[in-house]
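See structure below.
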Amino acid sequence: MYTLNEIVARFGGEVLGDASVRIVQVATLEGARADQISFFNNPRYRRQLEQTSAGAVIISREAAELTSRPRIVCDDPYAYFARLSAFLNPPQPTVASVHPSAAIHATARVDPTASIGPFVVIGPGAVVGARSALDAGCSLGENASLGVDCRLYANVVVYHDCVIGDRVILHAGAVIGADGFGIAWDAGRWCKIPQIGRVLIGDDVEVGANTTIDRGALDDTVIEEGVKLDNQIQVGHNCRIGAHTAIAGCVGIAGSTRIGRYCRIGGSAMIGGHLDIADHVEISAATGVPKPIRKQGTYTAVYPISAHDDWLRNASHIRHLDALATRVRELEKRLADMERNRS
Amino acid sequence: MYTLNEIVARFGGEVLGDASVRIVQVATLEGARADQISFFNNPRYRRQLEQTSAGAVIISREAAELTSRPRIVCDDPYAYFARLSAFLNPPQPTVASVHPSAAIHATARVDPTASIGPFVVIGPGAVVGARSALDAGCSLGENASLGVDCRLYANVVVYHDCVIGDRVILHAGAVIGADGFGIAWDAGRWCKIPQIGRVLIGDDVEVGANTTIDRGALDDTVIEEGVKLDNQIQVGHNCRIGAHTAIAGCVGIAGSTRIGRYCRIGGSAMIGGHLDIADHVEISAATGVPKPIRKQGTYTAVYPISAHDDWLRNASHIRHLDALATRVRELEKRLADMERNRS
Amino acid sequence: MYTLNEIVARFGGEVLGDASVRIVQVATLEGARADQISFFNNPRYRRQLEQTSAGAVIISREAAELTSRPRIVCDDPYAYFARLSAFLNPPQPTVASVHPSAAIHATARVDPTASIGPFVVIGPGAVVGARSALDAGCSLGENASLGVDCRLYANVVVYHDCVIGDRVILHAGAVIGADGFGIAWDAGRWCKIPQIGRVLIGDDVEVGANTTIDRGALDDTVIEEGVKLDNQIQVGHNCRIGAHTAIAGCVGIAGSTRIGRYCRIGGSAMIGGHLDIADHVEISAATGVPKPIRKQGTYTAVYPISAHDDWLRNASHIRHLDALATRVRELEKRLADMERNRS
């Protein structure tokens, strides 16, 4: 339990109103009780701000007068809330333990401070760093390695030889290092190309549930430090994703594409193969990217939604746009002719 | 084995033709044998109706004369078929059993009528209701609870504190309650926001293979009763999906979106975050939804498919539509000038 | 270690330059060392060709003079490289073994040359063929069968009764045979339709990580021989995918669709249900296919990407294309009137 005074002493900002209010938890504007603090950073939620029962609110200077509740005024309410929530809700510390059912190869090196859950498999030569935790059913392949303070939720699979940094979180069902989609058409059938590269994952990366990152065909697939991947993302072989890039759910990234640092990619986007995407690029949700993007900025490729009947009426013209443009050009010519003749 | 007479006695409808035909199973028009019954509700399959060897056919009154085979005439052949198939193919009853390899925490409460498969993990305080079955490799987290008559296929993961209702089916690889994608940009890197909400799943929900439903950031993610989710769907944190809504495969739903009751969402659709979708809305397959939908109806956003060369020729004009519209306006002005001058 | 002479003796082609160079491994142009061979088949990588340190390069006759390094000239450098890499990197032979933790039903038939990993479950009546390997946590359902020389990576789930051919590779987290999305609307709620078909997978099929293939509702879902499926693909119930078709990641295929032989489908494409797609069809990445495709060729449906502001300006016209076309027709009429009057 912390007073607003104690909170600003730790995290900065300024208190308006009663600074002795005691806070035990963060909450939404809608759900907050008198001993909880909420935040306001989206004008869509103004009505919720007016009606909140929160003991206090984190708010920007510009919006500070929209409520008379006790509040912490700061530059970036969302980041402030994030830091405060992380402080109030620290991850459970890893309890050193090895479940008796775990199958750990004699040549694996598991730090004595690690936590190994039931039915975990750790292959020959694999390494688990200090305070890392593998939940039930995880499988760490031959010679794969895991840094310190990692957390693998249940049923994560890491294939052989992959290298995972420190403080990495892999959610349930994530698959790291499966074979890339490497096939060559040869004499009437597909010939499989051995995938002999690895996956390298940097420090402080988080990978969502059922996300898959393929191993390299020849060189490695690389996820740089601080990258955040949501659920159900597919990263093809030999991709490189630059540091601190964040990618939302269901995105597919084809092989050998390099995405820059500090990019943000919206959900269900599709990035083609062998492309370079610059640093600080934002891709809108559901956007297909078929070519390189060399300049920072926001890029979009989304067909506008409408009622189905309107869609039907308008979409039929898409297949005749070239003819329509030709007709307009023709009209311009004929009209210019008439104007010339008249004068 | 049931005669048509026995079937209509149980499910209604009217028999045309020989009512003593005996039926053991449902089948497609194409594959049915003399002791099987099929159904006709899609005019695309009229040729198959003509050629079927089915012992009987379930059919609408309007189509009843398209075949002379023994048939059951009813209002909704597909629903009739569904009910009959469910009757002929009941789910296997759960056999009470606990596989000796299962890792069940001493504080978990597993109903004695439940079935616990090999390598299942049930965490501290978790609850499994009567006649629920967990297949091999499932993991039920700390304080998670499962109602009665549920079926979890192999390798399902339910994170801590999630609450699952009665008669819920979770297919293999589904992940319930992984952390939502909650990150805040803070001083040059992403700060993880603890995800302290839960997932609540109502009664009679079915969740497809490898579908993921994230836990709430602060409040809960809620899947209301009777919702049907296909495979590989991603439901972001704090979404609420209204009762009896059905969602096809590969759909992504970003965080904090509320989808109404009785909606139908086509495969690979993408629904943006913080949106409200009304009841009874249908979204076409592959449609991106970037804004709220306040009225029931069908909505579509799909670029029309064409041969690649035609696509190339027409698509290049999309990036100049604004200029094209300006040229048309200009033409209208110049033509009006001429018409005025002429008169 | 093989000289270029030995390699062409085995695989054909012609050596230009020093044929005694010794090769131990394949590598990229960028990463190759003096004892490694690379390949050149994409003009984008011409600079890498100029700068490579590779001991030799596989190259086409047309490009053979772009480098003076020792090289193997052949018709199809990529296929040549694939064959050579497969030769240099053979799959690890299966070591016959059954991990003591595996739960194998007494009525299952596991070939003595198979390899059964830790925590694998093999159900009643299931069959595992010679030299097939199941990694940790795989689950083979009742009466499912697996041919010879298959490899199932960790945590693959195969439901009951599915039939898998020879030399099939299933990557981690793949789910074969979950229930199809079969529901009928009936009296205010969804009625589940029992899925009583199976999945049949032909020889030499590869299935990517977390890909799902649903069992048939009545008849079977069929994946023909030589099909290659990337990660995170969803194949609906009763689909048939023709031999040697290759499908990239994140593709969704709705139920009862038949895809021809030798097709190539780009990543994140969406194929609607109940469609026939001809042989030798190519679908571009991110393309939605809402109708049958009866002729071979390449098909595309992608909204062109642009900077977000340009997108905004142009996309707003999509919803008025019908009106724009009407205005152009009107202009044509008025202009024709004037031209007629003038003459």
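FYI, nothing fancy with the structure tokens labels: chains A, B, ... in order, residues from 1 per chain, ligands from 1 as they appear.
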
Please identify every residue of chain C that has at least one atom no farther than 6 Å from an atom of chain B, counting only C-alpha atoms, and for each give the shortest atom pair and the distance in Å to one decimal, arranged by chain then increasing number, as a Markdown table.
| residue | atom | partner | partner_atom | distance |
| --- | --- | --- | --- | --- |
| C:Phe181 | CA | B:Asp230 | CA | 5.8 |
| C:Ala184 | CA | B:Ala79 | CA | 5.3 |
| C:Asp186 | CA | B:Ala79 | CA | 5.6 |
| C:Ile193 | CA | B:Ala82 | CA | 5.1 |
| C:Pro194 | CA | B:Ala86 | CA | 5.9 |
| C:Leu218 | CA | B:Ala27 | CA | 5.6 |
| C:Thr298 | CA | B:His308 | CA | 5.4 |
| C:Tyr299 | CA | B:Ala307 | CA | 4.4 |
| C:Thr300 | CA | B:His308 | CA | 5.1 |
| C:Ala301 | CA | B:Ile305 | CA | 4.3 |
| C:Asn314 | CA | B:Asp322 | CA | 5.0 |

*asked:* With DSSP run on the backbone, what are the strand (DSSP E or B) residues within segment 9-181 of chain A? I'd like them as a ChimeraX atom specification.
replied: /A:14-16,22-23,25-26,36-40,56-60,71-74,97-98,103-104,109-110,115-116,121-122,127-128,133-134,139-140,145-146,151-152,157-158,163-164,169-170,175-178

inquiry  = Can you pull out the residues contacting Val128 of chain B? Cut-off 8 Å, using only C-alpha atoms, and skip same-chain residues under 6 positions away; I want them as a VMD selection string.
reply    = chain B and resid 109 to 111 114 145 to 148

Tell me which protein, DNA and RNA residues are within 9 Å of Val158 of chain B, counting only C-alpha atoms, leaving out same-chain ones fewer than 6 positions away, and put them as an mmCIF file with all heavy atoms, in the first residue's frame.
data_model
loop_
_atom_site.group_PDB
_atom_site.id
_atom_site.type_symbol
_atom_site.label_atom_id
_atom_site.label_comp_id
_atom_site.auth_asym_id
_atom_site.auth_seq_id
_atom_site.Cartn_x
_atom_site.Cartn_y
_atom_site.Cartn_z
ATOM 1 N N CYS B 138 -2.077 -31.783 -21.268
ATOM 2 C CA CYS B 138 -2.742 -30.523 -20.927
ATOM 3 C C CYS B 138 -2.166 -29.967 -19.636
ATOM 4 O O CYS B 138 -1.696 -30.700 -18.772
ATOM 5 C CB CYS B 138 -4.249 -30.735 -20.751
ATOM 6 S SG CYS B 138 -5.106 -30.968 -22.311
ATOM 7 N N SER B 139 -2.270 -28.660 -19.507
ATOM 8 C CA SER B 139 -1.743 -27.993 -18.336
ATOM 9 C C SER B 139 -2.771 -26.984 -17.844
ATOM 10 O O SER B 139 -3.173 -26.081 -18.576
ATOM 11 C CB SER B 139 -0.437 -27.288 -18.747
ATOM 12 O OG SER B 139 0.116 -26.618 -17.660
ATOM 13 N N LEU B 140 -3.209 -27.168 -16.613
ATOM 14 C CA LEU B 140 -4.207 -26.290 -16.009
ATOM 15 C C LEU B 140 -3.501 -25.530 -14.891
ATOM 16 O O LEU B 140 -3.036 -26.125 -13.914
ATOM 17 C CB LEU B 140 -5.352 -27.152 -15.462
ATOM 18 C CG LEU B 140 -6.642 -26.477 -15.024
ATOM 19 C CD1 LEU B 140 -7.300 -25.743 -16.183
ATOM 20 C CD2 LEU B 140 -7.631 -27.536 -14.494
ATOM 21 N N GLY B 141 -3.407 -24.198 -15.045
ATOM 22 C CA GLY B 141 -2.573 -23.408 -14.142
ATOM 23 C C GLY B 141 -3.167 -23.228 -12.747
ATOM 24 O O GLY B 141 -4.316 -23.590 -12.483
ATOM 25 N N ALA B 144 -6.818 -22.132 -11.717
ATOM 26 C CA ALA B 144 -7.721 -22.165 -12.870
ATOM 27 C C ALA B 144 -8.855 -23.133 -12.563
ATOM 28 O O ALA B 144 -8.695 -24.058 -11.768
ATOM 29 C CB ALA B 144 -6.965 -22.603 -14.112
ATOM 30 N N ALA B 174 -4.687 -25.219 -28.032
ATOM 31 C CA ALA B 174 -5.278 -23.928 -27.652
ATOM 32 C C ALA B 174 -4.573 -23.405 -26.404
ATOM 33 O O ALA B 174 -4.181 -24.181 -25.527
ATOM 34 C CB ALA B 174 -6.774 -24.083 -27.402
ATOM 35 N N VAL B 175 -4.408 -22.087 -26.338
ATOM 36 C CA VAL B 175 -3.755 -21.456 -25.192
ATOM 37 C C VAL B 175 -4.698 -20.392 -24.628
ATOM 38 O O VAL B 175 -5.018 -19.415 -25.299
ATOM 39 C CB VAL B 175 -2.413 -20.806 -25.586
ATOM 40 C CG1 VAL B 175 -1.789 -20.097 -24.380
ATOM 41 C CG2 VAL B 175 -1.444 -21.851 -26.134
ATOM 42 N N ILE B 176 -5.129 -20.595 -23.404
ATOM 43 C CA ILE B 176 -6.085 -19.699 -22.765
ATOM 44 C C ILE B 176 -5.373 -18.937 -21.649
ATOM 45 O O ILE B 176 -4.856 -19.550 -20.717
ATOM 46 C CB ILE B 176 -7.263 -20.492 -22.153
ATOM 47 C CG1 ILE B 176 -7.847 -21.488 -23.168
ATOM 48 C CG2 ILE B 176 -8.320 -19.556 -21.587
ATOM 49 C CD1 ILE B 176 -8.399 -20.876 -24.414
ATOM 50 N N GLY B 177 -5.329 -17.615 -21.765
ATOM 51 C CA GLY B 177 -4.832 -16.828 -20.649
ATOM 52 C C GLY B 177 -3.375 -16.429 -20.695
ATOM 53 O O GLY B 177 -2.835 -15.973 -19.680
ATOM 54 N N ALA B 178 -2.725 -16.534 -21.866
ATOM 55 C CA ALA B 178 -1.370 -15.989 -21.975
ATOM 56 C C ALA B 178 -1.442 -14.470 -21.809
ATOM 57 O O ALA B 178 -2.501 -13.860 -21.957
ATOM 58 C CB ALA B 178 -0.760 -16.354 -23.325
#

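From atom CA of Pro290 of chain A back to atom CA of Ile283 of chain C, the distance works out to 13.7 Å.
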